[in-house]
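Asker: Coordinates in input31.cif, mmCIF, C-alpha atoms, are listed below.
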```cif
data_final
loop_
_atom_site.label_atom_id
_atom_site.label_comp_id
_atom_site.auth_asym_id
_atom_site.auth_seq_id
_atom_site.Cartn_x
_atom_site.Cartn_y
_atom_site.Cartn_z
CA MET S 1 24.91 -47.80 -54.75
CA ARG S 2 26.71 -48.00 -58.04
CA ILE S 3 24.53 -50.92 -59.17
CA VAL S 4 21.36 -49.05 -58.22
CA GLY S 5 22.49 -45.99 -60.18
CA ARG S 6 23.28 -48.09 -63.24
CA ALA S 7 19.93 -49.91 -62.99
CA LEU S 8 18.10 -46.57 -62.79
CA THR S 9 19.98 -45.30 -65.83
CA VAL S 10 19.07 -48.43 -67.81
CA ALA S 11 15.44 -48.19 -66.69
CA ALA S 12 15.24 -44.51 -67.65
CA ALA S 13 16.77 -45.20 -71.06
CA ALA S 14 14.33 -48.08 -71.66
CA ALA S 15 11.38 -45.89 -70.65
CA ALA S 16 12.55 -43.14 -73.00
CA LEU S 17 12.75 -45.63 -75.87
CA VAL S 18 9.26 -46.96 -75.19
CA VAL S 19 7.76 -43.46 -74.98
CA GLY S 20 9.67 -42.33 -78.07
CA ALA S 21 8.53 -45.37 -80.04
CA GLY S 22 4.94 -44.75 -78.99
CA VAL S 23 5.08 -41.12 -80.10
CA ALA S 24 6.66 -42.09 -83.42
CA HIS S 25 4.03 -44.78 -83.95
CA VAL S 26 1.16 -42.39 -83.23
CA SER S 27 2.54 -39.66 -85.49
CA ALA S 28 3.17 -42.19 -88.26
CA GLN S 29 -0.51 -43.18 -88.17
CA ASP S 30 -1.79 -39.64 -88.70
CA THR S 31 -3.68 -39.11 -91.91
CA TRP S 32 -2.56 -36.78 -94.65
CA LYS S 33 -5.27 -34.27 -93.63
CA GLU S 34 -3.34 -31.25 -94.90
CA CYS S 35 -3.05 -32.91 -98.32
CA GLU S 36 -6.78 -33.54 -98.56
CA ASP S 37 -7.41 -29.79 -98.73
CA ALA S 38 -9.20 -28.58 -101.86
CA LYS S 39 -6.21 -26.46 -102.91
CA PHE S 40 -4.09 -29.62 -103.30
CA LYS S 41 -6.85 -31.70 -104.86
CA GLY S 42 -7.20 -29.11 -107.62
CA MET S 43 -3.48 -28.72 -108.37
CA LYS S 44 -2.37 -30.17 -111.69
CA ASN S 45 1.19 -31.15 -112.46
CA PRO S 46 2.75 -28.34 -114.51
CA GLN S 47 5.46 -30.74 -115.76
CA SER S 48 4.86 -33.34 -118.45
CA GLY S 49 6.58 -35.37 -121.10
CA ALA S 50 9.50 -37.73 -121.31
CA ALA S 51 12.02 -35.21 -119.96
CA SER S 52 9.99 -34.71 -116.77
CA VAL S 53 9.59 -38.48 -116.29
CA ALA S 54 13.35 -39.00 -116.80
CA ALA S 55 14.21 -36.23 -114.33
CA GLY S 56 11.74 -37.69 -111.83
CA LYS S 57 13.22 -41.15 -112.22
CA LYS S 58 16.70 -39.78 -111.59
CA SER S 59 15.49 -38.00 -108.44
CA ALA S 60 13.68 -41.14 -107.26
CA GLU S 61 16.83 -43.21 -107.73
CA THR S 62 18.73 -40.71 -105.59
CA ASN S 63 16.15 -39.99 -102.91
CA CYS S 64 13.39 -42.61 -102.81
CA VAL S 65 14.49 -46.16 -103.74
CA THR S 66 15.83 -47.00 -100.30
CA CYS S 67 12.27 -47.05 -98.99
CA HIS S 68 9.99 -47.25 -102.04
CA GLY S 69 12.15 -49.67 -104.06
CA ALA S 70 13.42 -49.53 -107.63
CA GLY S 71 9.96 -50.20 -109.07
CA GLY S 72 8.11 -47.98 -106.59
CA LYS S 73 6.35 -50.94 -104.94
CA GLY S 74 7.22 -49.86 -101.38
CA ASP S 75 9.72 -52.71 -101.10
CA GLY S 76 13.03 -50.91 -100.72
CA VAL S 77 15.74 -52.25 -98.43
CA ALA S 78 14.64 -49.96 -95.57
CA ALA S 79 10.93 -50.77 -95.92
CA ALA S 80 11.00 -53.78 -93.59
CA ALA S 81 11.96 -51.58 -90.65
CA LEU S 82 9.36 -48.86 -91.28
CA THR S 83 5.88 -48.40 -89.85
CA PRO S 84 3.82 -47.46 -91.69
CA LYS S 85 5.26 -49.14 -94.75
CA PRO S 86 6.23 -46.95 -97.71
CA ALA S 87 3.50 -46.42 -100.27
CA ASP S 88 3.30 -48.62 -103.35
CA TRP S 89 3.32 -45.99 -106.09
CA THR S 90 1.68 -48.43 -108.51
CA SER S 91 -1.33 -49.11 -106.27
CA ALA S 92 -4.87 -48.04 -107.08
CA LYS S 93 -4.87 -45.94 -103.90
CA VAL S 94 -1.88 -43.85 -105.00
CA LYS S 95 -3.11 -43.72 -108.58
CA GLY S 96 -6.37 -42.27 -107.27
CA ASP S 97 -4.57 -39.43 -105.48
CA PRO S 98 -4.71 -36.11 -107.36
CA ASP S 99 -1.36 -34.75 -108.53
CA GLY S 100 -1.49 -31.98 -105.92
CA ALA S 101 -2.04 -34.47 -103.09
CA LEU S 102 1.04 -36.45 -104.16
CA PHE S 103 3.04 -33.21 -104.36
CA CYS S 104 1.83 -32.27 -100.86
CA LYS S 105 2.64 -35.69 -99.39
CA MET S 106 6.20 -35.73 -100.70
CA SER S 107 6.71 -32.11 -99.69
CA ASN S 108 5.52 -32.55 -96.10
CA GLY S 109 6.39 -36.16 -95.30
CA ARG S 110 4.78 -38.15 -92.50
CA GLY S 111 5.98 -40.64 -89.92
CA PRO S 112 9.22 -42.19 -91.16
CA MET S 113 8.97 -40.38 -94.52
CA PRO S 114 10.96 -37.16 -94.35
CA PRO S 115 9.66 -33.96 -95.90
CA TRP S 116 11.24 -33.21 -99.27
CA LYS S 117 10.51 -29.45 -99.34
CA HIS S 118 14.22 -28.83 -99.75
CA LEU S 119 14.00 -30.25 -103.27
CA PRO S 120 13.15 -27.63 -105.88
CA GLU S 121 9.44 -27.47 -106.74
CA LYS S 122 10.12 -28.58 -110.33
CA GLU S 123 11.94 -31.68 -109.08
CA ARG S 124 9.00 -32.65 -106.86
CA TRP S 125 6.62 -32.25 -109.82
CA ASP S 126 9.01 -34.37 -111.92
CA LEU S 127 8.70 -37.05 -109.23
CA VAL S 128 4.91 -36.89 -109.63
CA SER S 129 5.41 -37.37 -113.40
CA TYR S 130 7.59 -40.40 -112.71
CA LEU S 131 5.04 -41.91 -110.30
CA ARG S 132 2.35 -41.48 -112.95
CA SER S 133 4.58 -43.22 -115.52
CA LEU S 134 4.85 -46.24 -113.22
CA GLN S 135 1.05 -46.30 -113.04
CA GLY S 136 0.61 -46.18 -116.79
CA GLY S 137 -0.39 -42.55 -117.16
CA PRO S 138 -2.36 -39.73 -115.56
CA PRO S 139 -4.39 -40.13 -112.37
CA ALA S 140 -7.43 -42.35 -112.41
CA LYS S 141 -10.65 -40.46 -112.90
CA ALA S 142 -13.74 -41.19 -110.90
CA PRO S 143 -16.08 -43.43 -112.86
CA ALA S 144 -18.86 -41.61 -114.67
CA PRO S 145 -22.24 -41.91 -113.04
CA ALA S 146 -24.28 -44.78 -114.40
CA LYS S 147 -26.93 -43.73 -116.88
CA ALA S 148 -30.44 -44.96 -116.51
CA PRO S 149 -31.37 -47.44 -119.24
CA ALA S 150 -33.36 -45.97 -122.09
CA PRO S 151 -37.06 -46.75 -121.93
CA ALA S 152 -38.11 -49.69 -124.06
CA LYS S 153 -39.66 -48.76 -127.39
CA LYS S 154 -43.15 -49.99 -128.08
#
```
Have the structure of the file written as structure tokens, please.
Answerer:
Amino acid sequence: MRIVGRALTVAAAAAALVVGAGVAHVSAQDTWKECEDAKFKGMKNPQSGAASVAAGKKSAETNCVTCHGAGGKGDGVAAAALTPKPADWTSAKVKGDPDGALFCKMSNGRGPMPPWKHLPEKERWDLVSYLRSLQGGPPAKAPAPAKAPAPAKK
């Protein structure tokens, strides 16, 4: 009887782990729908300059490098164990995100990334400034529409 009870306990624990892992995996795959809202797409970073970048770097070193790595490439020491993998802040995808979307993503978190709403708003904007500095400047703009060639002169 004792062996049966122990086997049932082990089986229940294993089932709980499998179900929990499945739920975590599904929630980690959700999109950032709330951050695609127009209100976030239109938000501009109110912080700028070297002081904001320096403050953002300091915050990143404290809060983000474990997962995102020292250079923001998504290669921190914890990254190998995470699904989905941490974002590469230097990628074209992240560079294409509006400032407000980045602010929303770090504020709300997703999957293994915790929400950082407990950080003061200014500090989260400083992090956006730091991310932009790793990318070489402000967010990428959509390419201008191609102009039709001028008609040939006769």
Asker: In Å, with one decimal, what is the gap from CA of Ala87 in chain S to CA of Gly74 in chain S?
Answerer: 5.2 Å
Asker: CA of Ser133 in chain S and CA of His118 in chain S, how far apart in Å?
Answerer: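 Distance between the two atoms: 23.4 Å.
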Asker: Run through the PyMOL selection byres ((chain S and resi 44) around 12) on the given coordinates and return the selected residues as a ChimeraX atom specification.
Answerer: /S:39-43,45-48,97-104,125,128-129,138-139
Asker: Do a neighbour search on Trp89 in chain S at 7 Å with all atoms listed in the file, toss out local chain neighbours closer than 4 positions, and write the hits as number ranges by chain.
Answerer: S: 72-73, 94, 131
Asker: Those residues with C-alpha atoms, as a PDB file, in the coordinates of the input please?
Answerer:
```
ATOM      1  CA  GLY S  72       8.110 -47.980-106.590  1.00  0.00           C
ATOM      2  CA  LYS S  73       6.350 -50.940-104.940  1.00  0.00           C
ATOM      3  CA  VAL S  94      -1.880 -43.850-105.000  1.00  0.00           C
ATOM      4  CA  LEU S 131       5.040 -41.910-110.300  1.00  0.00           C
TER       5      LEU S 131
END
```
Asker: Excluding Val65 in chain S and its own-chain neighbours fewer than 2 positions away, which residues fall within 12 Å of it when counting all atoms listed in the file? Please give them as an NGL selection string.
Answerer: :S and (57-63 or 67-79 or 86-89)
Asker: Near Ala55 in chain S, within 9 Å and counting all atoms listed in the file, which residues show up once chain neighbours fewer than 6 positions away are dropped, as a PyMOL selection string?
Answerer: chain S and resi 123+126-127+129-130
Asker: Save the residues we just selected, C-alpha atoms, as a CSV table (one decimal), in the coordinates of the input?
Answerer:
```
chain,number,residue,atom,x,y,z
S,123,GLU,CA,11.9,-31.7,-109.1
S,126,ASP,CA,9.0,-34.4,-111.9
S,127,LEU,CA,8.7,-37.0,-109.2
S,129,SER,CA,5.4,-37.4,-113.4
S,130,TYR,CA,7.6,-40.4,-112.7
```
Asker: Have a look at CA of Gly111 in chain S and CA of Ala80 in chain S and let me know their distance in Å, one decimal.
Answerer: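 Interatomic distance here is 14.5 Å.
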Asker: Which one is closest to Pro84 in chain S: S:Ala50, S:Trp32, S:Thr66, S:Pro112? Count only C-alpha atoms.
Answerer: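 Of all the options, S:Pro112 lies closest to Pro84 in chain S.
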